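Raw data26.tsv, TSV, C-alpha atoms:
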```tsv
chain	number	residue	atom	x	y	z
A	969	MET	CA	87.46	132.11	105.95
A	970	ASN	CA	87.12	131.80	102.20
A	971	PHE	CA	86.40	128.20	101.23
A	972	THR	CA	85.69	126.94	97.72
A	973	GLU	CA	84.92	123.22	98.22
A	974	ILE	CA	83.32	123.23	101.65
A	975	SER	CA	81.11	125.67	103.50
A	976	TYR	CA	81.60	126.58	107.16
A	977	GLU	CA	78.96	128.26	109.28
A	978	VAL	CA	78.60	128.79	113.02
A	979	VAL	CA	75.11	129.26	114.43
A	980	ASP	CA	74.26	129.13	118.12
A	981	ARG	CA	77.56	127.43	119.10
A	982	VAL	CA	77.31	124.70	116.45
A	983	ALA	CA	79.67	124.72	113.45
A	984	THR	CA	78.31	123.11	110.29
A	985	VAL	CA	80.86	121.87	107.76
A	986	THR	CA	79.25	121.00	104.43
A	987	LEU	CA	81.16	119.20	101.68
A	988	ASP	CA	80.26	121.46	98.79
A	989	ARG	CA	80.98	120.04	95.34
A	990	PRO	CA	77.46	118.81	94.51
A	991	ASP	CA	78.15	118.64	90.76
A	992	ARG	CA	80.84	116.01	91.55
A	993	LEU	CA	78.88	114.30	94.37
A	994	ASN	CA	81.21	116.13	96.79
A	995	ALA	CA	84.23	114.12	95.59
A	996	PHE	CA	87.36	114.60	97.70
A	997	THR	CA	90.28	116.68	96.41
A	998	THR	CA	93.50	118.09	97.81
A	999	THR	CA	91.78	121.44	98.08
A	1000	MET	CA	88.96	119.88	100.10
A	1001	MET	CA	91.55	118.20	102.33
A	1002	HIS	CA	93.19	121.54	103.15
A	1003	GLU	CA	89.83	123.23	103.70
A	1004	LEU	CA	88.56	120.49	106.01
A	1005	ALA	CA	91.78	120.65	108.04
A	1006	SER	CA	91.42	124.43	108.32
A	1007	ALA	CA	87.79	124.11	109.37
A	1008	TYR	CA	88.61	121.65	112.15
A	1009	VAL	CA	91.40	123.91	113.41
A	1010	ALA	CA	89.05	126.90	113.35
A	1011	ALA	CA	86.38	125.00	115.28
A	1012	ASP	CA	88.88	123.73	117.82
A	1013	LEU	CA	90.23	127.20	118.57
A	1014	ASP	CA	86.86	129.00	118.65
A	1015	ASP	CA	85.30	128.98	122.10
A	1016	ASP	CA	81.98	129.96	120.52
A	1017	VAL	CA	81.91	126.50	118.87
A	1018	ARG	CA	80.86	123.60	121.08
A	1019	VAL	CA	80.01	120.95	118.47
A	1020	VAL	CA	80.82	120.33	114.80
A	1021	VAL	CA	78.30	118.78	112.39
A	1022	VAL	CA	79.64	117.48	109.05
A	1023	THR	CA	77.35	116.75	106.10
A	1024	GLY	CA	77.26	116.86	102.30
A	1025	ARG	CA	75.53	119.19	99.88
A	1026	ASP	CA	72.50	117.82	98.02
A	1027	ARG	CA	72.15	114.06	97.46
A	1028	ALA	CA	75.64	112.77	98.37
A	1029	PHE	CA	77.85	112.91	101.42
A	1030	CYS	CA	81.08	112.19	99.52
A	1031	ALA	CA	81.41	109.84	96.55
A	1032	GLY	CA	85.12	109.26	97.22
A	1033	ALA	CA	88.27	110.71	95.72
A	1034	ASP	CA	87.94	112.79	92.57
A	1035	LEU	CA	89.33	110.46	89.87
A	1036	SER	CA	88.98	112.91	87.00
A	1037	ALA	CA	92.77	113.25	86.70
A	1038	GLY	CA	92.96	109.70	85.32
A	1039	ALA	CA	94.75	106.46	86.11
A	1040	ASN	CA	97.73	108.12	87.82
A	1041	VAL	CA	95.66	110.13	90.27
A	1042	PHE	CA	97.25	108.26	93.21
A	1043	GLY	CA	100.71	107.92	91.66
A	1044	PRO	CA	103.90	109.34	93.19
A	1045	ASN	CA	103.90	112.42	90.95
A	1046	ALA	CA	100.19	113.15	91.10
A	1047	LYS	CA	99.47	116.77	91.97
A	1048	ALA	CA	103.02	117.11	93.28
A	1049	VAL	CA	102.82	120.86	93.81
A	1050	GLU	CA	99.51	120.63	95.68
A	1051	ARG	CA	100.73	117.78	97.90
A	1052	ALA	CA	104.16	119.23	98.70
A	1053	SER	CA	102.76	121.27	101.60
A	1054	ILE	CA	101.59	118.20	103.56
A	1055	GLY	CA	105.01	116.54	103.68
A	1056	THR	CA	105.91	112.89	104.13
A	1057	ILE	CA	105.51	110.21	106.77
A	1058	GLY	CA	107.55	107.01	106.99
A	1059	GLY	CA	109.35	108.01	103.79
A	1060	ALA	CA	106.14	108.30	101.74
A	1061	PRO	CA	104.00	111.29	100.80
A	1062	ARG	CA	101.30	111.75	103.40
A	1063	ASP	CA	97.88	110.42	102.47
A	1064	GLY	CA	95.48	113.33	102.04
A	1065	GLY	CA	92.57	111.48	103.61
A	1066	GLY	CA	94.72	110.92	106.68
A	1067	VAL	CA	95.47	114.62	106.98
A	1068	ALA	CA	91.75	115.41	107.10
A	1069	ALA	CA	90.93	112.44	109.34
A	1070	LEU	CA	93.62	113.09	111.92
A	1071	THR	CA	92.75	116.78	112.12
A	1072	SER	CA	89.18	115.72	112.88
A	1073	ALA	CA	90.48	113.29	115.52
A	1074	ALA	CA	92.56	116.00	117.18
A	1075	CYS	CA	89.68	118.50	117.33
A	1076	ARG	CA	88.61	118.81	120.96
A	1077	LYS	CA	84.99	119.51	120.04
A	1078	PRO	CA	82.61	116.58	119.41
A	1079	VAL	CA	82.22	115.94	115.68
A	1080	ILE	CA	78.91	114.53	114.43
A	1081	ALA	CA	78.70	113.05	110.93
A	1082	ALA	CA	75.28	113.53	109.32
A	1083	ILE	CA	75.72	111.16	106.38
A	1084	ASN	CA	73.02	112.23	103.96
A	1085	GLY	CA	73.84	110.02	100.96
A	1086	PRO	CA	76.61	107.90	99.42
A	1087	ALA	CA	79.81	107.81	101.50
A	1088	ILE	CA	82.29	105.83	99.43
A	1089	GLY	CA	86.06	105.38	99.78
A	1090	VAL	CA	87.47	108.42	101.55
A	1091	GLY	CA	83.84	109.52	101.91
A	1092	VAL	CA	83.40	106.87	104.58
A	1093	THR	CA	86.94	106.65	105.96
A	1094	MET	CA	86.95	110.38	106.75
A	1095	THR	CA	84.00	109.79	109.08
A	1096	LEU	CA	85.69	107.12	111.20
A	1097	PRO	CA	87.42	109.57	113.60
A	1098	MET	CA	84.19	111.53	113.94
A	1099	ASP	CA	82.66	110.89	117.33
A	1100	ILE	CA	79.06	110.14	116.33
A	1101	ARG	CA	77.87	108.91	112.92
A	1102	LEU	CA	74.22	109.30	111.91
A	1103	ALA	CA	72.91	108.26	108.50
A	1104	SER	CA	69.96	108.94	106.27
A	1105	GLU	CA	67.90	106.00	105.01
A	1106	SER	CA	69.34	106.84	101.58
A	1107	ALA	CA	72.98	106.57	102.70
A	1108	LYS	CA	75.27	103.98	101.13
A	1109	PHE	CA	78.76	102.99	102.18
A	1110	GLY	CA	81.71	101.31	100.55
A	1111	PHE	CA	85.32	100.55	101.46
A	1112	VAL	CA	85.94	100.01	97.75
A	1113	PHE	CA	89.73	100.30	97.70
A	1114	ALA	CA	90.58	96.68	96.81
A	1115	ARG	CA	88.34	97.00	93.74
A	1116	ARG	CA	90.63	99.83	92.60
A	1117	GLY	CA	93.91	98.13	93.44
A	1118	LEU	CA	94.36	100.26	96.56
A	1119	VAL	CA	94.13	99.95	100.34
A	1120	PRO	CA	92.00	101.83	102.86
A	1121	GLU	CA	93.51	105.18	103.86
A	1122	ALA	CA	92.72	108.07	106.22
A	1123	ALA	CA	94.19	106.04	109.13
A	1124	SER	CA	91.23	103.66	108.74
A	1125	SER	CA	93.46	100.64	109.37
A	1126	TRP	CA	93.55	101.95	112.96
A	1127	PHE	CA	90.02	103.30	113.28
A	1128	LEU	CA	87.84	100.77	111.46
A	1129	PRO	CA	88.67	97.55	113.41
A	1130	ARG	CA	88.30	99.43	116.68
A	1131	ILE	CA	84.85	100.70	115.72
A	1132	VAL	CA	83.32	97.59	114.11
A	1133	GLY	CA	85.68	94.73	115.05
A	1134	ILE	CA	88.26	93.01	112.89
A	1135	SER	CA	85.94	90.45	111.30
A	1136	GLN	CA	83.40	93.02	110.09
A	1137	ALA	CA	86.19	95.36	109.02
A	1138	MET	CA	87.84	92.65	106.92
A	1139	GLU	CA	84.55	91.62	105.31
A	1140	TRP	CA	83.85	95.15	104.10
A	1141	VAL	CA	87.46	95.85	103.09
A	1142	ALA	CA	88.10	92.51	101.36
A	1143	THR	CA	84.88	92.54	99.35
A	1144	GLY	CA	84.91	96.25	98.61
A	1145	ARG	CA	81.16	96.07	98.15
A	1146	ILE	CA	78.65	98.89	98.48
A	1147	PHE	CA	76.17	98.39	101.33
A	1148	GLY	CA	73.24	100.26	102.77
A	1149	ALA	CA	72.42	101.98	106.01
A	1150	GLU	CA	70.82	98.90	107.61
A	1151	GLU	CA	73.99	96.86	107.19
A	1152	ALA	CA	76.05	99.79	108.46
A	1153	LEU	CA	73.87	99.98	111.57
A	1154	ALA	CA	74.05	96.23	112.17
A	1155	GLY	CA	77.83	96.40	111.83
A	1156	ARG	CA	78.06	99.31	114.30
A	1157	LEU	CA	79.51	101.72	111.73
A	1158	ILE	CA	76.68	104.16	112.47
A	1159	SER	CA	74.54	104.65	115.56
A	1160	LYS	CA	71.20	105.65	114.03
A	1161	ILE	CA	69.26	105.68	110.73
A	1162	LEU	CA	66.87	108.55	110.11
A	1163	PRO	CA	64.48	109.63	107.36
A	1164	PRO	CA	66.26	112.12	105.08
A	1165	GLU	CA	64.22	115.06	106.33
A	1166	ASP	CA	65.03	114.22	109.97
A	1167	LEU	CA	68.79	113.70	109.64
A	1168	LEU	CA	70.07	117.24	110.17
A	1169	PRO	CA	67.38	118.18	112.71
A	1170	HIS	CA	68.38	115.15	114.78
A	1171	ALA	CA	72.09	116.00	114.47
A	1172	TYR	CA	71.41	119.58	115.58
A	1173	SER	CA	69.21	118.40	118.45
A	1174	LEU	CA	72.05	116.19	119.66
A	1175	ALA	CA	74.51	119.06	119.24
A	1176	ARG	CA	72.23	121.36	121.24
A	1177	GLU	CA	71.96	118.80	124.04
A	1178	ILE	CA	75.75	118.83	124.31
A	1179	ALA	CA	76.16	122.60	123.98
A	1180	ASP	CA	73.40	123.49	126.44
A	1181	ASN	CA	74.19	121.08	129.26
A	1182	THR	CA	77.88	120.26	129.44
A	1183	SER	CA	81.30	121.72	130.13
A	1184	ALA	CA	83.33	122.26	126.96
A	1185	VAL	CA	86.54	121.29	128.76
A	1186	SER	CA	85.00	118.16	130.27
A	1187	VAL	CA	83.70	116.97	126.90
A	1188	GLY	CA	87.02	117.71	125.19
A	1189	VAL	CA	89.04	115.82	127.79
A	1190	ALA	CA	86.59	112.90	127.80
A	1191	LYS	CA	86.82	112.67	123.98
A	1192	GLN	CA	90.60	112.58	124.18
A	1193	MET	CA	90.58	109.96	126.92
A	1194	LEU	CA	88.08	107.60	125.28
A	1195	TRP	CA	89.84	107.54	121.92
A	1196	SER	CA	93.31	107.18	123.44
A	1197	MET	CA	92.26	104.22	125.59
A	1198	LEU	CA	91.41	102.16	122.47
A	1199	GLY	CA	95.12	101.45	122.12
A	1200	GLU	CA	95.75	100.42	125.72
A	1201	ASP	CA	95.90	96.82	126.91
A	1202	SER	CA	95.00	97.32	130.56
A	1203	PRO	CA	92.30	99.14	132.56
A	1204	TRP	CA	95.11	100.51	134.71
A	1205	ALA	CA	95.99	102.91	131.91
A	1206	GLY	CA	92.43	104.20	132.03
A	1207	HIS	CA	92.56	104.45	135.81
A	1208	ARG	CA	95.75	106.51	135.57
A	1209	ALA	CA	94.25	108.87	132.98
A	1210	ASP	CA	90.94	109.12	134.85
A	1211	SER	CA	92.70	109.96	138.11
A	1212	ARG	CA	94.79	112.72	136.55
A	1213	ALA	CA	91.79	114.24	134.81
A	1214	MET	CA	89.56	114.03	137.89
A	1215	ARG	CA	92.21	115.74	140.00
A	1216	HIS	CA	92.49	118.60	137.51
A	1217	LEU	CA	88.82	119.05	136.61
A	1218	GLY	CA	87.60	118.51	140.16
A	1219	ALA	CA	89.55	121.60	141.21
A	1220	SER	CA	88.53	123.66	138.18
A	1221	ALA	CA	85.93	126.42	137.98
A	1222	ASP	CA	83.75	124.12	135.85
A	1223	GLY	CA	84.01	121.35	138.45
A	1224	ARG	CA	82.93	123.69	141.21
A	1225	GLU	CA	80.09	125.13	139.10
A	1226	GLY	CA	78.83	121.66	138.24
A	1227	VAL	CA	78.47	120.73	141.91
A	1228	GLU	CA	77.08	124.12	143.00
A	1229	SER	CA	74.46	124.20	140.24
A	1230	PHE	CA	73.31	120.69	141.20
A	1231	LEU	CA	72.98	121.62	144.87
A	1232	GLU	CA	71.18	124.86	143.98
A	1233	LYS	CA	68.86	123.04	141.54
A	1234	ARG	CA	69.66	125.30	138.58
A	1235	ALA	CA	71.20	124.97	135.15
A	1236	PRO	CA	75.01	125.18	135.18
A	1237	ASN	CA	76.89	128.11	133.69
A	1238	PHE	CA	80.34	126.68	133.02
A	1239	PRO	CA	83.00	129.45	132.81
A	1240	ASP	CA	86.04	127.49	131.60
A	1241	THR	CA	87.06	127.51	127.92
A	1242	ILE	CA	89.03	125.17	125.71
A	1243	THR	CA	91.52	127.85	124.70
A	1244	ALA	CA	92.28	129.09	128.22
A	1245	ASP	CA	91.64	126.20	130.59
A	1246	TYR	CA	92.31	122.92	128.79
A	1247	PRO	CA	94.75	120.72	130.75
A	1248	ASP	CA	97.85	119.14	129.28
A	1249	MET	CA	97.01	115.58	128.27
A	1250	GLU	CA	99.25	112.72	127.21
A	1251	ARG	CA	99.03	110.16	124.42
A	1252	TRP	CA	96.41	111.80	122.14
A	1253	PRO	CA	97.04	115.05	120.24
A	1254	THR	CA	95.61	118.07	122.04
A	1255	ARG	CA	95.82	120.45	119.09
A	1256	PRO	CA	94.57	119.89	115.53
A	1257	ASN	CA	98.01	120.58	114.07
A	1258	ASP	CA	99.53	117.67	116.04
A	1259	MET	CA	98.93	115.25	113.17
A	1260	GLY	CA	102.32	113.63	112.62
```
I'd like the structure from this file rewritten - as structure tokens, please.
Amino acid sequence: MNFTEISYEVVDRVATVTLDRPDRLNAFTTTMMHELASAYVAADLDDDVRVVVVTGRDRAFCAGADLSAGANVFGPNAKAVERASIGTIGGAPRDGGGVAALTSAACRKPVIAAINGPAIGVGVTMTLPMDIRLASESAKFGFVFARRGLVPEAASSWFLPRIVGISQAMEWVATGRIFGAEEALAGRLISKILPPEDLLPHAYSLAREIADNTSAVSVGVAKQMLWSMLGEDSPWAGHRADSRAMRHLGASADGREGVESFLEKRAPNFPDTITADYPDMERWPTRPNDMG
């Protein structure tokens, strides 16, 4: 794959996606949107990839949307040719941040955000569908949209209140202020703060723990189930989904291997793959191109 604004590398079953416009603090563009979507699709469909780690080149994660086009950068005619390929939703042109975010959400591999510096605007909203968010001590965050006459995008009106609660979400969105990693941790936006030099090693250690010990299909189905249950109003919906998944996975080759390896006191060698053995699931998209 030939990317110009991100890099994509697979080493030892971990895909690293690096936002790669360091001269612009990795500011988000339509090109970056398309490349991120392609990277998530590639990771999802590659059985040699078990986990995705997303980070930024040099001192920033992503400083937000690239505003170099001027005041009309978000207007209806902005970059019309570039945006034509992503279509419309609800009668409006699709939001580019949402395209990237929902492709991340639909990826059946765990996605770990290693937030190495400022994550502002779409730089933070793109991380909300990622499954685990880690941050450097130097990271800063900002849902700055109201200070630009805009609203949060990238489907963050769905994700953010579910992750941090409505009160915290409204405080950050209504003020539009920049805040540091300690406040992000206290507000449950991230799960851990690390020294800059330890951020990626910790992310890779976590990725290795997943890749070395678990069934790819089990993790993918569990990811889909946990996110989809955030919209349900009763534990019975979870019970229904759990029962269907347990029936399928309990009879699978991975299910049998998990039990046999435990009884034989050895490490499991799970044979099933995402591409060949993933069950049909309801409610949450099972393929990265199911983004509508």
Surrounding residues of region 1166-1181 of chain A excluding itself and chain neighbours under 2 positions, 6 Å, all atoms listed in the file, as a ChimeraX atom specification: /A:1018-1019,1104,1162-1164
Filtering to C-alpha atoms, could you give me those residues as a PDB file, keeping the file's coordinate frame?
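After the write, result05.pdb holds the following:
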```pdb
ATOM      1  CA  ARG A1018      80.860 123.600 121.080  1.00  0.00           C
ATOM      2  CA  VAL A1019      80.010 120.950 118.470  1.00  0.00           C
ATOM      3  CA  SER A1104      69.960 108.940 106.270  1.00  0.00           C
ATOM      4  CA  LEU A1162      66.870 108.550 110.110  1.00  0.00           C
ATOM      5  CA  PRO A1163      64.480 109.630 107.360  1.00  0.00           C
ATOM      6  CA  PRO A1164      66.260 112.120 105.080  1.00  0.00           C
TER       7      PRO A1164
END
```
Residue with the minimum atom-to-atom distance to Arg1156 (chain A), picked from A:Thr986, A:Gln1136, A:Ser975, A:Ser1202 with all atoms listed in the file counted, is A:Gln1136
Which residues are near Cys1030 (chain A)? Cut-off 10 Å, only C-alpha atoms, ignore same chain within fewer than 4 positions. Put them as number ranges by chain. A: 987-990, 992-996, 1023-1025, 1034, 1083-1092, 1094, 1109
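Note that the spacing between CA of Leu1217 (chain A) and CA of Lys1077 (chain A) amounts to 17.0 Å.
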Taking all atoms of region 1171-1186 of chain A that the file lists, what box with edges along x, y and z, padded by 6 Å per side, do you get, with centre and edge lengths in Å to one decimal, as JSON?
```
{"center_x": 77.9, "center_y": 119.7, "center_z": 122.4, "size_x": 29.3, "size_y": 19.5, "size_z": 27.8}
```
Please provide the set of residues having any atom within 12 Å of Ile1057 (chain A), restricted to all atoms listed in the file, with same-chain residues fewer than 2 positions apart removed, written as an mmCIF file with C-alpha atoms, keeping the file's coordinate frame.
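Generated file (part-v3.cif):
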```cif
data_model
loop_
_atom_site.group_PDB
_atom_site.id
_atom_site.type_symbol
_atom_site.label_atom_id
_atom_site.label_comp_id
_atom_site.auth_asym_id
_atom_site.auth_seq_id
_atom_site.Cartn_x
_atom_site.Cartn_y
_atom_site.Cartn_z
ATOM 1 C CA ILE A 1054 101.590 118.200 103.560
ATOM 2 C CA GLY A 1055 105.010 116.540 103.680
ATOM 3 C CA GLY A 1059 109.350 108.010 103.790
ATOM 4 C CA ALA A 1060 106.140 108.300 101.740
ATOM 5 C CA PRO A 1061 104.000 111.290 100.800
ATOM 6 C CA ARG A 1062 101.300 111.750 103.400
ATOM 7 C CA ASP A 1063 97.880 110.420 102.470
ATOM 8 C CA GLY A 1064 95.480 113.330 102.040
ATOM 9 C CA GLY A 1066 94.720 110.920 106.680
ATOM 10 C CA VAL A 1067 95.470 114.620 106.980
ATOM 11 C CA MET A 1259 98.930 115.250 113.170
ATOM 12 C CA GLY A 1260 102.320 113.630 112.620
#
```
Compare A:Ser1072, A:Thr972, A:Thr1143, A:Thr1056 by their minimum atom-to-atom distance to Ala1011 (chain A), counting all atoms listed in the file, and give me the closest one.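 Closest candidate: A:Ser1072.
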Show me, as a ChimeraX atom specification, the residues that have an atom within 8 Å of Gly1144 (chain A) when counting all atoms listed in the file, minus same-chain residues fewer than 5 positions from it. /A:1110-1115
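Note that the spacing between CA of Arg1145 (chain A) and CA of Met1000 (chain A) amounts to 25.1 Å.
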